[in-house]
$ cat work_23.cif   # mmCIF, C-alpha atoms
data_data
loop_
_atom_site.label_atom_id
_atom_site.label_comp_id
_atom_site.auth_asym_id
_atom_site.auth_seq_id
_atom_site.Cartn_x
_atom_site.Cartn_y
_atom_site.Cartn_z
CA MET A 12 0.00 0.00 0.00
CA ARG A 13 1.27 3.47 -0.85
CA LEU A 14 2.52 5.46 2.09
CA GLU A 15 -0.03 8.24 1.61
CA LEU A 16 -2.84 5.70 1.57
CA ARG A 17 -1.56 4.01 4.73
CA SER A 18 -1.59 7.38 6.43
CA LEU A 19 -5.10 8.23 5.21
CA LEU A 20 -6.46 4.86 6.25
CA ALA A 21 -4.84 5.19 9.66
CA ASP A 22 -6.51 8.58 10.12
CA ALA A 23 -9.90 7.17 9.16
CA LEU A 24 -9.52 4.26 11.59
CA LEU A 25 -8.37 6.56 14.36
CA GLY A 26 -11.77 8.22 14.15
CA LEU A 27 -13.53 4.89 14.61
CA ALA A 28 -11.22 3.94 17.47
CA ASP A 29 -11.80 7.22 19.29
CA ASP A 30 -15.57 6.87 18.86
CA GLU A 31 -15.52 3.45 20.51
CA MET A 32 -13.14 4.50 23.27
CA ILE A 33 -15.01 7.62 24.32
CA LEU A 34 -18.39 5.89 24.13
CA ALA A 35 -16.99 2.97 26.16
CA HIS A 36 -15.96 5.44 28.84
CA ARG A 37 -19.38 7.08 28.88
CA ASP A 38 -21.03 3.66 29.05
CA SER A 39 -18.77 2.60 31.89
CA GLU A 40 -20.16 5.50 33.94
CA TRP A 41 -23.33 3.41 34.37
CA THR A 42 -21.47 0.67 36.17
CA GLY A 43 -23.12 0.41 39.56
CA HIS A 44 -25.87 2.85 38.52
CA ALA A 45 -27.90 1.09 35.82
CA PRO A 46 -31.66 0.66 36.41
CA ILE A 47 -31.39 -2.95 37.60
CA LEU A 48 -28.60 -5.34 38.44
CA GLU A 49 -28.96 -7.46 35.30
CA GLU A 50 -28.76 -4.43 33.03
CA ASP A 51 -25.84 -3.10 35.05
CA ILE A 52 -23.93 -6.25 34.12
CA ALA A 53 -25.19 -6.23 30.54
CA PHE A 54 -24.25 -2.61 29.97
CA ALA A 55 -20.84 -3.03 31.59
CA ASN A 56 -20.33 -5.89 29.11
CA ILE A 57 -21.25 -3.58 26.25
CA ALA A 58 -18.83 -0.93 27.54
CA LEU A 59 -16.07 -3.55 27.71
CA ASP A 60 -16.88 -4.76 24.21
CA GLU A 61 -16.65 -1.22 22.82
CA MET A 62 -13.33 -0.73 24.57
CA GLY A 63 -12.12 -3.99 23.05
CA HIS A 64 -13.18 -2.78 19.60
CA ALA A 65 -11.32 0.48 20.18
CA GLY A 66 -8.24 -1.58 21.05
CA ILE A 67 -8.52 -3.49 17.78
CA TRP A 68 -8.77 -0.27 15.73
CA TYR A 69 -5.91 1.39 17.63
CA ARG A 70 -3.67 -1.59 16.91
CA LEU A 71 -4.46 -1.32 13.21
CA VAL A 72 -3.64 2.38 13.36
CA ALA A 73 -0.32 1.52 15.03
CA GLU A 74 0.55 -1.04 12.37
CA LEU A 75 -0.33 1.36 9.55
CA ARG A 76 1.79 4.08 11.09
CA GLY A 77 4.70 1.75 11.80
CA GLU A 78 4.31 2.13 15.54
CA ASP A 79 4.50 -0.54 18.25
CA PRO A 80 1.00 -2.09 18.39
CA ASP A 81 1.38 -2.89 22.11
CA SER A 82 2.31 0.52 23.47
CA TYR A 83 0.99 2.93 20.84
CA PRO A 84 -2.72 2.45 21.73
CA ASP A 85 -2.05 3.49 25.33
CA ARG A 86 -0.17 6.54 24.11
CA LEU A 87 -3.08 7.52 21.90
CA VAL A 88 -5.69 7.03 24.59
CA PHE A 89 -3.94 8.44 27.63
CA HIS A 90 -1.48 10.97 26.31
CA ARG A 91 -3.27 12.95 23.64
CA ALA A 92 -4.84 16.36 24.21
CA PRO A 93 -8.58 16.83 23.60
CA ASP A 94 -8.01 18.58 20.25
CA GLU A 95 -6.03 15.58 19.03
CA PHE A 96 -8.99 13.24 19.45
CA ARG A 97 -11.06 12.44 16.37
CA CYS A 98 -14.30 11.18 17.92
CA ILE A 99 -17.71 12.41 16.86
CA ARG A 100 -19.48 14.75 19.24
CA MET A 101 -22.36 12.42 20.01
CA VAL A 102 -20.17 10.07 22.06
CA GLU A 103 -18.74 12.90 24.16
CA LEU A 104 -22.04 14.02 25.62
CA PRO A 105 -22.67 13.24 29.32
CA LYS A 106 -24.51 10.01 29.89
CA GLY A 107 -27.80 11.74 30.67
CA ASP A 108 -30.73 9.59 31.77
CA TRP A 109 -31.23 5.96 30.82
CA ALA A 110 -33.33 6.89 27.78
CA PHE A 111 -30.56 9.16 26.47
CA THR A 112 -28.01 6.40 26.94
CA ILE A 113 -30.20 3.86 25.15
CA VAL A 114 -30.98 6.16 22.22
CA ARG A 115 -27.33 7.13 21.78
CA GLN A 116 -26.15 3.54 21.96
CA PHE A 117 -28.83 2.46 19.50
CA LEU A 118 -27.97 5.18 16.98
CA PHE A 119 -24.27 4.43 17.28
CA ASP A 120 -24.46 0.63 17.26
CA SER A 121 -26.91 0.45 14.38
CA ALA A 122 -24.49 2.60 12.37
CA GLU A 123 -21.69 0.29 13.41
CA VAL A 124 -23.51 -2.75 12.07
CA VAL A 125 -23.80 -1.12 8.64
CA ARG A 126 -20.21 0.12 8.62
CA LEU A 127 -18.74 -3.19 9.80
CA GLN A 128 -20.57 -5.02 7.04
CA ALA A 129 -18.99 -2.72 4.46
CA LEU A 130 -15.55 -2.78 6.10
CA GLN A 131 -15.39 -6.54 5.64
CA GLN A 132 -14.90 -5.84 1.92
CA SER A 133 -11.79 -3.74 2.53
CA HIS A 134 -8.72 -4.69 0.50
CA HIS A 135 -6.63 -4.13 3.63
CA ALA A 136 -6.89 -7.72 4.86
CA PRO A 137 -6.27 -7.07 8.58
CA LEU A 138 -9.06 -4.47 8.53
CA ALA A 139 -11.52 -6.81 6.79
CA LYS A 140 -10.72 -9.55 9.29
CA ALA A 141 -11.10 -7.26 12.31
CA ALA A 142 -14.41 -5.95 10.99
CA ALA A 143 -15.76 -9.50 10.63
CA LYS A 144 -14.81 -10.27 14.23
CA ILE A 145 -16.33 -7.10 15.66
CA ALA A 146 -19.49 -7.44 13.56
CA VAL A 147 -20.45 -10.62 15.38
CA GLU A 148 -20.38 -8.83 18.73
CA GLU A 149 -22.18 -5.76 17.40
CA ARG A 150 -25.07 -7.91 16.20
CA TYR A 151 -25.72 -8.79 19.82
CA HIS A 152 -25.47 -5.14 20.91
CA ASP A 153 -27.91 -4.23 18.20
CA ARG A 154 -30.40 -6.83 19.43
CA HIS A 155 -30.05 -5.67 23.02
CA LEU A 156 -30.54 -2.04 22.05
CA HIS A 157 -33.46 -2.79 19.73
CA ALA A 158 -35.18 -4.53 22.63
CA TRP A 159 -34.70 -1.52 24.91
CA VAL A 160 -35.72 1.07 22.30
CA ARG A 161 -38.95 -0.78 21.66
CA ARG A 162 -39.82 -1.30 25.29
CA LEU A 163 -39.09 2.26 26.37
CA GLY A 164 -40.66 3.78 23.26
CA LEU A 165 -43.85 1.79 23.71
CA GLY A 166 -43.67 1.68 27.51
CA THR A 167 -45.21 4.32 29.74
CA GLU A 168 -46.03 7.93 28.94
CA GLU A 169 -42.90 8.93 30.85
CA SER A 170 -40.55 6.45 29.15
CA HIS A 171 -41.86 7.52 25.74
CA ARG A 172 -41.42 11.20 26.56
CA ARG A 173 -37.86 10.66 27.76
CA MET A 174 -36.99 8.63 24.65
CA GLN A 175 -38.46 11.26 22.33
CA THR A 176 -36.56 14.02 24.16
CA ALA A 177 -33.32 12.07 23.85
CA LEU A 178 -33.89 11.42 20.16
CA ASP A 179 -34.66 15.08 19.48
CA GLN A 180 -31.44 16.05 21.21
CA LEU A 181 -29.26 13.43 19.52
CA TRP A 182 -30.66 13.31 15.99
CA PRO A 183 -28.85 16.42 14.64
CA ASP A 184 -25.53 14.87 15.67
CA THR A 185 -26.19 11.72 13.65
CA VAL A 186 -25.01 13.70 10.62
CA GLN A 187 -21.50 12.86 11.84
CA LEU A 188 -22.04 9.10 11.95
CA PHE A 189 -21.17 8.77 8.28
CA GLU A 190 -19.14 11.85 7.55
CA PRO A 191 -16.65 10.91 4.81
CA PRO A 192 -13.02 10.70 5.97
CA SER A 193 -10.60 13.15 4.45
CA HIS A 194 -9.56 12.19 0.90
CA GLU A 195 -12.40 9.68 0.82
CA SER A 196 -12.23 9.23 -2.96
CA GLU A 197 -8.63 7.99 -2.79
CA LEU A 198 -9.50 5.50 -0.06
CA THR A 199 -12.57 4.17 -1.83
CA ALA A 200 -10.80 4.04 -5.21
CA ALA A 201 -8.18 1.80 -3.62
CA GLY A 202 -10.92 -0.35 -2.08
CA LEU A 203 -9.59 0.31 1.40
CA PHE A 204 -12.49 2.10 3.07
CA PRO A 205 -16.18 2.08 2.11
CA ALA A 206 -17.91 5.17 0.73
CA ALA A 207 -19.94 7.03 3.34
CA GLU A 208 -22.94 7.95 1.24
CA PRO A 209 -24.46 4.47 0.61
CA MET A 210 -23.80 3.44 4.23
CA ALA A 211 -25.53 6.57 5.50
CA ALA A 212 -28.57 5.83 3.35
CA GLU A 213 -28.75 2.20 4.47
CA TRP A 214 -28.40 3.15 8.12
CA ALA A 215 -30.98 5.95 7.94
CA GLU A 216 -33.57 3.60 6.48
CA GLY A 217 -33.02 0.91 9.13
CA ALA A 218 -32.89 3.33 12.04
CA ALA A 219 -36.04 5.11 10.89
CA ALA A 220 -37.90 1.79 10.77
CA THR A 221 -36.85 0.79 14.29
CA LEU A 222 -37.70 4.21 15.68
CA ALA A 223 -41.09 4.18 13.97
CA ASP A 224 -41.77 0.73 15.47
CA ALA A 225 -41.10 2.25 18.87
CA ASP A 226 -43.46 5.15 18.13
CA LEU A 227 -40.58 7.65 18.10
CA LYS A 228 -40.51 10.50 15.63
CA ILE A 229 -37.50 11.89 13.85
CA GLN A 230 -37.55 15.69 13.89
CA ARG A 231 -36.12 16.55 10.52
CA GLY A 232 -34.93 19.91 9.31
CA THR A 233 -32.56 20.49 12.19
CA PRO A 234 -29.18 19.97 10.58
CA GLY A 235 -26.39 19.21 12.99
CA MET A 236 -23.14 21.06 13.32
CA ASN A 237 -20.77 19.28 10.96
CA GLY A 238 -17.29 20.45 10.31
CA GLY A 239 -15.36 17.31 10.95
CA ARG A 240 -13.95 15.33 13.74
CA GLU A 241 -11.56 18.07 14.84
CA LYS A 242 -14.26 20.06 16.60
CA HIS A 243 -15.36 18.86 20.01
CA THR A 244 -17.78 19.74 22.73
CA ASP A 245 -16.45 21.02 26.05
CA HIS A 246 -17.47 17.70 27.58
CA LEU A 247 -14.54 15.88 25.99
CA GLU A 248 -11.96 17.79 27.99
CA LEU A 249 -13.63 16.89 31.29
CA LEU A 250 -14.03 13.28 30.26
CA LEU A 251 -10.36 12.99 29.32
CA ALA A 252 -9.25 14.72 32.51
CA GLU A 253 -10.82 11.85 34.39
CA MET A 254 -10.02 9.03 31.99
CA GLN A 255 -6.35 9.98 31.65
CA SER A 256 -5.68 10.96 35.26
CA VAL A 257 -4.31 7.64 36.52
CA ALA A 258 -2.15 6.95 33.47
CA ARG A 259 -0.66 10.43 33.62
CA LEU A 260 0.08 10.11 37.33
CA GLU A 261 2.72 7.51 36.54
CA PRO A 262 3.39 7.52 32.79
CA GLN A 263 6.14 4.92 33.01
CA ALA A 264 4.11 2.38 34.94
CA SER A 265 3.38 -0.86 33.20
CA TRP A 266 0.08 -2.60 33.81
CA MET B 14 -45.34 -0.25 48.96
CA SER B 15 -45.88 -2.18 45.76
CA ASP B 16 -43.23 -4.49 44.43
CA THR B 17 -41.44 -2.78 41.57
CA GLN B 18 -39.25 -5.78 40.78
CA TRP B 19 -39.60 -7.35 37.39
CA PRO B 20 -40.68 -11.00 37.37
CA ARG B 21 -38.03 -13.65 37.95
CA PHE B 22 -36.95 -16.16 35.31
CA GLU B 23 -35.01 -19.38 35.87
CA VAL B 24 -31.99 -19.80 33.61
CA PHE B 25 -30.69 -23.05 32.12
CA VAL B 26 -27.36 -23.25 30.32
CA GLN B 27 -26.16 -25.87 27.86
CA GLU B 28 -22.38 -25.75 27.72
CA ARG B 29 -21.91 -27.86 24.62
CA PRO B 30 -24.23 -29.29 22.00
CA GLY B 31 -25.60 -32.63 23.06
CA ARG B 32 -25.14 -31.97 26.79
CA PRO B 33 -28.16 -31.41 29.04
CA HIS B 34 -29.25 -27.92 30.06
CA LEU B 35 -28.27 -27.17 33.67
CA HIS B 36 -29.95 -24.74 36.04
CA ALA B 37 -27.59 -21.78 36.42
CA GLY B 38 -29.61 -19.33 38.51
CA SER B 39 -32.21 -16.67 37.89
CA VAL B 40 -32.58 -13.19 36.41
CA HIS B 41 -35.20 -10.47 36.60
CA ALA B 42 -36.71 -9.26 33.33
CA PRO B 43 -39.89 -7.62 32.05
CA ASP B 44 -40.53 -10.37 29.47
CA PRO B 45 -39.07 -13.62 28.09
CA GLU B 46 -36.90 -12.05 25.38
CA MET B 47 -35.24 -9.66 27.82
CA ALA B 48 -34.83 -12.57 30.23
CA LEU B 49 -32.88 -14.42 27.54
CA LEU B 50 -30.66 -11.39 26.91
CA ASN B 51 -30.10 -10.80 30.62
CA ALA B 52 -29.32 -14.48 31.13
CA ARG B 53 -26.69 -14.24 28.42
CA ASP B 54 -25.01 -11.29 30.06
CA VAL B 55 -25.21 -12.56 33.62
CA PHE B 56 -24.37 -16.24 33.11
CA VAL B 57 -22.49 -16.82 29.88
CA ARG B 58 -20.03 -14.00 29.48
CA ARG B 59 -17.06 -16.27 30.19
CA PRO B 60 -17.86 -19.96 30.16
CA GLU B 61 -18.82 -21.78 27.04
CA CYS B 62 -22.45 -21.93 26.07
CA ALA B 63 -24.27 -23.55 23.18
CA SER B 64 -27.87 -22.82 24.14
CA LEU B 65 -29.84 -20.92 26.76
CA TRP B 66 -33.33 -21.50 28.14
CA VAL B 67 -35.33 -19.23 30.42
CA ALA B 68 -38.71 -19.82 32.04
CA PRO B 69 -40.78 -17.65 34.37
CA SER B 70 -40.11 -18.81 37.94
CA ALA B 71 -43.85 -18.74 38.54
CA THR B 72 -44.34 -21.57 36.03
CA VAL B 73 -41.96 -23.91 37.87
CA ARG B 74 -43.60 -26.64 39.92
CA GLY B 75 -41.49 -28.82 42.18
CA GLY B 76 -39.02 -28.62 45.01
CA THR B 77 -36.59 -30.51 47.17
CA ALA B 78 -36.83 -34.13 48.29
CA GLU B 79 -38.45 -32.96 51.55
CA GLU B 80 -41.08 -30.87 49.74
CA LEU B 81 -41.93 -33.39 47.03
CA PRO B 82 -44.22 -35.78 48.97
CA GLN B 83 -46.63 -32.97 49.82
CA LEU B 84 -46.61 -31.65 46.24
CA LEU B 85 -47.15 -35.12 44.83
CA ALA B 86 -50.10 -35.71 47.15
CA ALA B 87 -51.91 -32.95 45.28
CA ALA B 88 -51.67 -34.85 41.98
CA ARG B 89 -55.05 -35.84 40.58
CA THR B 90 -55.70 -37.51 37.28
CA GLU B 91 -58.38 -35.52 35.56
CA PRO B 92 -59.93 -37.67 32.85
CA GLY B 93 -60.66 -35.92 29.62
CA THR B 94 -58.26 -33.05 30.18
CA SER B 95 -55.86 -32.63 27.30
CA SER B 96 -52.26 -33.04 28.29
CA ILE B 97 -49.37 -30.73 27.51
CA GLU B 98 -45.62 -31.22 27.48
CA TYR B 99 -43.52 -30.50 30.56
CA LEU B 100 -39.73 -30.35 30.73
CA VAL B 101 -38.32 -32.29 33.67
CA PHE B 102 -35.28 -31.16 35.65
CA ALA B 103 -33.80 -33.37 38.37
CA LYS B 104 -30.99 -33.05 40.83
CA VAL B 105 -29.42 -36.38 41.74
CA GLU B 106 -26.08 -35.47 43.27
CA GLU B 107 -25.36 -33.35 46.31
CA ARG B 108 -22.84 -31.25 44.40
CA GLY B 109 -24.82 -31.26 41.18
CA THR B 110 -27.53 -28.91 39.97
CA LEU B 111 -30.98 -29.31 38.47
CA THR B 112 -30.41 -30.98 35.13
CA HIS B 113 -32.75 -31.41 32.19
CA VAL B 114 -33.49 -35.14 32.06
CA GLY B 115 -36.43 -35.33 29.67
CA GLU B 116 -40.10 -34.57 29.09
CA VAL B 117 -43.45 -35.85 30.33
CA HIS B 118 -46.95 -35.21 29.05
CA ALA B 119 -49.56 -34.47 31.68
CA ALA B 120 -52.86 -32.68 32.22
CA GLY B 121 -51.52 -30.49 35.01
CA PRO B 122 -48.32 -29.62 36.87
CA GLU B 123 -48.94 -31.99 39.78
CA THR B 124 -49.62 -34.97 37.53
CA ALA B 125 -46.54 -33.96 35.53
CA LEU B 126 -44.54 -33.95 38.74
CA ALA B 127 -45.87 -37.41 39.67
CA ALA B 128 -45.02 -38.78 36.24
CA ALA B 129 -41.58 -37.18 36.39
CA GLN B 130 -40.96 -38.64 39.86
CA ALA B 131 -42.00 -42.07 38.63
CA ALA B 132 -39.72 -41.87 35.59
CA ALA B 133 -36.68 -40.01 36.89
CA GLY B 134 -36.79 -41.28 40.47
CA ALA B 135 -37.26 -44.94 39.56
CA THR B 136 -33.62 -45.90 39.77
CA ARG B 137 -32.18 -43.39 42.23
CA PRO B 138 -33.42 -40.98 44.88
CA LEU B 139 -33.93 -37.40 43.68
CA LEU B 140 -32.64 -34.46 45.72
CA ALA B 141 -34.86 -32.05 43.82
CA LEU B 142 -37.32 -32.20 40.95
CA TRP B 143 -38.87 -29.48 38.75
CA VAL B 144 -41.37 -29.53 35.94
CA ILE B 145 -41.96 -26.54 33.60
CA PRO B 146 -44.52 -26.33 30.79
CA ALA B 147 -42.49 -26.63 27.58
CA GLU B 148 -44.42 -23.80 25.93
CA ARG B 149 -43.29 -21.37 28.65
CA VAL B 150 -39.61 -22.00 28.00
CA GLU B 151 -37.96 -19.36 25.80
CA ARG B 152 -34.94 -20.74 23.96
CA THR B 153 -32.09 -19.33 21.94
CA LEU B 154 -32.01 -20.49 18.32
CA PRO B 155 -28.94 -22.32 17.00
CA GLU B 156 -28.32 -19.53 14.48
CA GLU B 157 -28.14 -17.00 17.32
CA ALA B 158 -25.22 -18.78 18.96
CA PRO B 159 -22.45 -16.98 17.02
CA SER B 160 -23.46 -13.50 18.19
CA MET B 161 -24.80 -14.56 21.61
CA PHE B 162 -22.08 -16.91 22.82
CA ASP B 163 -19.06 -17.18 20.57
CA PRO B 164 -17.42 -13.82 21.32
CA SER B 165 -16.98 -14.71 24.99
CA ARG B 166 -14.85 -17.72 24.04
CA HIS B 167 -12.16 -15.50 22.64
CA LYS B 168 -11.93 -13.18 25.62
CA PRO B 169 -9.18 -13.85 28.09
CA PHE B 170 -10.36 -14.24 31.64
CA ARG B 171 -7.99 -12.74 34.15
CA ASP B 172 -8.50 -12.94 37.88
CA GLN B 173 -7.13 -10.15 40.01
CA ALA B 174 -3.84 -11.93 40.69
CA PHE B 175 -2.92 -11.34 37.04
CA TYR B 176 -2.47 -7.64 37.64
CA HIS B 177 -0.03 -7.88 40.58
CA ILE B 178 -1.98 -5.10 42.27
CA GLN B 179 -1.20 -6.44 45.73
CA THR B 180 2.52 -6.47 45.10
CA ALA B 181 2.33 -2.92 43.88
CA LEU B 182 0.26 -1.82 46.86
CA ARG B 183 2.65 -3.47 49.31
CA ARG B 184 5.53 -1.64 47.73
CA LEU B 185 3.63 1.64 47.94
CA ARG B 186 2.82 1.08 51.60
CA ARG B 187 6.48 0.53 52.34
CA ASP B 188 7.49 3.65 50.47
CA PRO B 189 4.61 6.08 49.80
CA SER B 190 6.95 8.54 48.11
CA ALA B 191 7.43 6.01 45.30
CA ILE B 192 4.30 7.23 43.60
CA GLY B 193 5.85 10.60 42.85
CA HIS B 194 8.88 9.57 40.86
CA ARG B 195 9.77 7.44 37.90
CA GLN B 196 10.50 4.27 39.87
CA SER B 197 7.86 2.11 38.29
CA VAL B 198 5.03 1.28 40.64
CA GLU B 199 4.72 -2.03 38.93
CA SER B 200 7.39 -3.97 37.15
CA LYS B 201 6.10 -7.35 36.07
CA ARG B 202 4.31 -7.63 32.82
#
$ encode --input "work_23.cif" --output "structure tokens"
Amino acid sequence: MRLELRSLLADALLGLADDEMILAHRDSEWTGHAPILEEDIAFANIALDEMGHAGIWYRLVAELRGEDPDSYPDRLVFHRAPDEFRCIRMVELPKGDWAFTIVRQFLFDSAEVVRLQALQQSHHAPLAKAAAKIAVEERYHDRHLHAWVRRLGLGTEESHRRMQTALDQLWPDTVQLFEPPSHESELTAAGLFPAAEPMAAEWAEGAAATLADADLKIQRGTPGMNGGREKHTDHLELLLAEMQSVARLEPQASW
Amino acid sequence: MSDTQWPRFEVFVQERPGRPHLHAGSVHAPDPEMALLNARDVFVRRPECASLWVAPSATVRGGTAEELPQLLAAARTEPGTSSIEYLVFAKVEERGTLTHVGEVHAAGPETALAAAQAAAGATRPLLALWVIPAERVERTLPEEAPSMFDPSRHKPFRDQAFYHIQTALRRLRRDPSAIGHRQSVESKR
């Protein structure tokens, strides 16, 4: 693979890795606080899965950049400044109430399912293989989230109201779920990374159907703030301050 | 105050195809599908699993060896009543657990229990016996196994000793100033 392409692909994958990592951290904030014990365990599992997926993407980034795949992921996660992260804004937002968490996780995971399907066709073999592995786990997440979206959407007046509020707040940010990576045409021409447009369309159709089943309405006409993965909310800085605090206390420690 | 708990479901795990389903414990859930998902997350994150069953605890009839005689005394054969299928779970060893041993057809739970006792308890004393209407058992489908169970097989399980936390803490207690400088808190990898 040409050096420029390696670099572009690494940048694209870094975005996916950061999405998973930051969302995993937000999800982990429910540990000990989820609505019931069983869901506490289930959601902690999901958080761990997302962190595992982040680890897989970070390793691929390391290999593409010629860095050590064992130590480079930790450097990326614990020793970058907020403006060096490439996550989408949706995953940075505070965990909110349970409805907000469920809606966000549903929107994100359902997009993941579509993207992972497409990534399995990548000509970069390690990427295609990783995507196949992660896709299996995401299918379970998707089922779990579908079940929750339906039950809360069709549940009580209060659960429906909270779900609708969460969806209204999150929907504008879904514009970032399939924002093309920089130099997309070069990546797609080389068969390395799937084109955003068809994935976005496939996801939107599926998500709309699930939301409609749960009696939730998409408020259209409120375009989100795009402008790439370089711009972040103020929440990211606070999140990182906590997430990175232990690692930065003793940077040389090995774990 | 009203009980806000969701109903309880009993969980049965099959570790490998062809092996019987074993009682693993119980979960709370609003409905059978969520019970199946909760059972997956609570009971089969690490060990192997080929299939999962859940059934509302309220549909279970049976009990321990001490409770069985009284339950069996309630059994009445009601002529003309159509019979349904019950799954039978028996515990035969002190260190064992309730294990799926087969099915009986019966008109009601007590008659099912009596038939199960007669069949399963014929050759050896039972420590516990359950019957559950087959139609109330929610089961995972074979094609769901890859996404439900396979990922956990590839995850390493590490108990706390793996991380050498205690060694590190002991060292810190001896020399609290160690945390401030570059002397690694932890050395083994």
$ atom_distance --input "work_23.cif" --atom1 "CA of Ala136 (chain A)" --atom2 "CA of His64 (chain A)"
16.8 Å
$ resolve_selection --input "work_23.cif" --expression "the PyMOL selection byres ((chain A and resi 105-112) around 10)" --output "number ranges by chain"
A: 34, 36-41, 44-46, 101-104, 113-117, 159-160, 163-164, 170-178, 180-181, 246-247, 249-250
$ closest_atom_pairs --input "work_23.cif" --of "chain A" --to "chain B" --cutoff "7 Å" --atoms "all atoms listed in the file" --output "Markdown table"
| residue | atom | partner | partner_atom | distance |
| --- | --- | --- | --- | --- |
| A:Glu49 | CA | B:Asn51 | CA | 5.9 |
| A:Glu50 | CA | B:Asn51 | CA | 6.9 |
| A:Ile52 | CA | B:Val55 | CA | 6.5 |
| A:Ala53 | CA | B:Asp54 | CA | 5.1 |
| A:Val147 | CA | B:Ser160 | CA | 5.0 |
| A:Glu148 | CA | B:Ser160 | CA | 5.6 |
| A:Arg150 | CA | B:Ser160 | CA | 6.1 |
| A:Tyr151 | CA | B:Ser160 | CA | 5.5 |
| A:His155 | CA | B:Leu50 | CA | 6.9 |
| A:Gln263 | CA | B:Ser197 | CA | 6.2 |
| A:Ala264 | CA | B:Ser197 | CA | 5.0 |
| A:Ser265 | CA | B:Glu199 | CA | 6.0 |
| A:Trp266 | CA | B:Arg202 | CA | 6.6 |
$ resolve_selection --input "work_23.cif" --expression "the PyMOL selection byres ((chain A and resi 198-202) around 8)" --output "PyMOL selection string"
chain A and resi 16+19-20+132-134+194-197+203-206
$ atom_distance --input "work_23.cif" --atom1 "CA of Ala119 (chain B)" --atom2 "CA of Ala131 (chain B)"
12.8 Å
$ resolve_selection --input "work_23.cif" --expression "the PyMOL selection byres ((chain B and resi 85-87) around 9)" --output "PyMOL selection string"
chain B and resi 75+80-84+88-89+123-124+126-127+130
$ atom_distance --input "work_23.cif" --atom1 "CA of Val124 (chain A)" --atom2 "CA of Ala211 (chain A)"
11.6 Å
$ residues_around --input "work_23.cif" --residues "Thr110 (chain B)" --least-positions-apart "3" --cutoff "7 Å" --atoms "all atoms listed in the file" --output "PyMOL selection string"
chain B and resi 35-36+104
$ write_last_selection --input "work_23.cif" --atoms "C-alpha atoms" --output "short mmCIF file (atom, residue, chain, number, x, y, z; two decimals), keeping the file's coordinate frame"
data_model
loop_
_atom_site.label_atom_id
_atom_site.label_comp_id
_atom_site.auth_asym_id
_atom_site.auth_seq_id
_atom_site.Cartn_x
_atom_site.Cartn_y
_atom_site.Cartn_z
CA LEU B 35 -28.27 -27.17 33.67
CA HIS B 36 -29.95 -24.74 36.04
CA LYS B 104 -30.99 -33.05 40.83
#
$ residues_around --input "work_23.cif" --residues "Trp68 (chain A)" --least-positions-apart "5" --cutoff "12 Å" --atoms "all atoms listed in the file" --output "PDB file with C-alpha atoms, in the frame of the given file"
ATOM      1  CA  LEU A  20      -6.460   4.860   6.250  1.00  0.00           C
ATOM      2  CA  ALA A  21      -4.840   5.190   9.660  1.00  0.00           C
ATOM      3  CA  ASP A  22      -6.510   8.580  10.120  1.00  0.00           C
ATOM      4  CA  ALA A  23      -9.900   7.170   9.160  1.00  0.00           C
ATOM      5  CA  LEU A  24      -9.520   4.260  11.590  1.00  0.00           C
ATOM      6  CA  LEU A  25      -8.370   6.560  14.360  1.00  0.00           C
ATOM      7  CA  GLY A  26     -11.770   8.220  14.150  1.00  0.00           C
ATOM      8  CA  LEU A  27     -13.530   4.890  14.610  1.00  0.00           C
ATOM      9  CA  ALA A  28     -11.220   3.940  17.470  1.00  0.00           C
ATOM     10  CA  ASP A  29     -11.800   7.220  19.290  1.00  0.00           C
ATOM     11  CA  ASP A  30     -15.570   6.870  18.860  1.00  0.00           C
ATOM     12  CA  GLU A  31     -15.520   3.450  20.510  1.00  0.00           C
ATOM     13  CA  MET A  32     -13.140   4.500  23.270  1.00  0.00           C
ATOM     14  CA  GLU A  61     -16.650  -1.220  22.820  1.00  0.00           C
ATOM     15  CA  MET A  62     -13.330  -0.730  24.570  1.00  0.00           C
ATOM     16  CA  GLY A  63     -12.120  -3.990  23.050  1.00  0.00           C
ATOM     17  CA  ALA A  73      -0.320   1.520  15.030  1.00  0.00           C
ATOM     18  CA  GLU A  74       0.550  -1.040  12.370  1.00  0.00           C
ATOM     19  CA  LEU A  75      -0.330   1.360   9.550  1.00  0.00           C
ATOM     20  CA  PRO A  80       1.000  -2.090  18.390  1.00  0.00           C
ATOM     21  CA  TYR A  83       0.990   2.930  20.840  1.00  0.00           C
ATOM     22  CA  PRO A  84      -2.720   2.450  21.730  1.00  0.00           C
ATOM     23  CA  LEU A  87      -3.080   7.520  21.900  1.00  0.00           C
ATOM     24  CA  VAL A  88      -5.690   7.030  24.590  1.00  0.00           C
ATOM     25  CA  LEU A 127     -18.740  -3.190   9.800  1.00  0.00           C
ATOM     26  CA  PRO A 137      -6.270  -7.070   8.580  1.00  0.00           C
ATOM     27  CA  LEU A 138      -9.060  -4.470   8.530  1.00  0.00           C
ATOM     28  CA  ALA A 139     -11.520  -6.810   6.790  1.00  0.00           C
ATOM     29  CA  LYS A 140     -10.720  -9.550   9.290  1.00  0.00           C
ATOM     30  CA  ALA A 141     -11.100  -7.260  12.310  1.00  0.00           C
ATOM     31  CA  ALA A 142     -14.410  -5.950  10.990  1.00  0.00           C
ATOM     32  CA  LYS A 144     -14.810 -10.270  14.230  1.00  0.00           C
ATOM     33  CA  ILE A 145     -16.330  -7.100  15.660  1.00  0.00           C
TER      34      ILE A 145
END
$ axis_aligned_box --input "work_23.cif" --around "region 251-262 of chain A" --padding-each-side "6 Å" --output "lines of an AutoDock Vina configuration file"
center_x = -3.7
center_y = 10.8
center_z = 33.3
size_x = 26.2
size_y = 19.8
size_z = 20.0
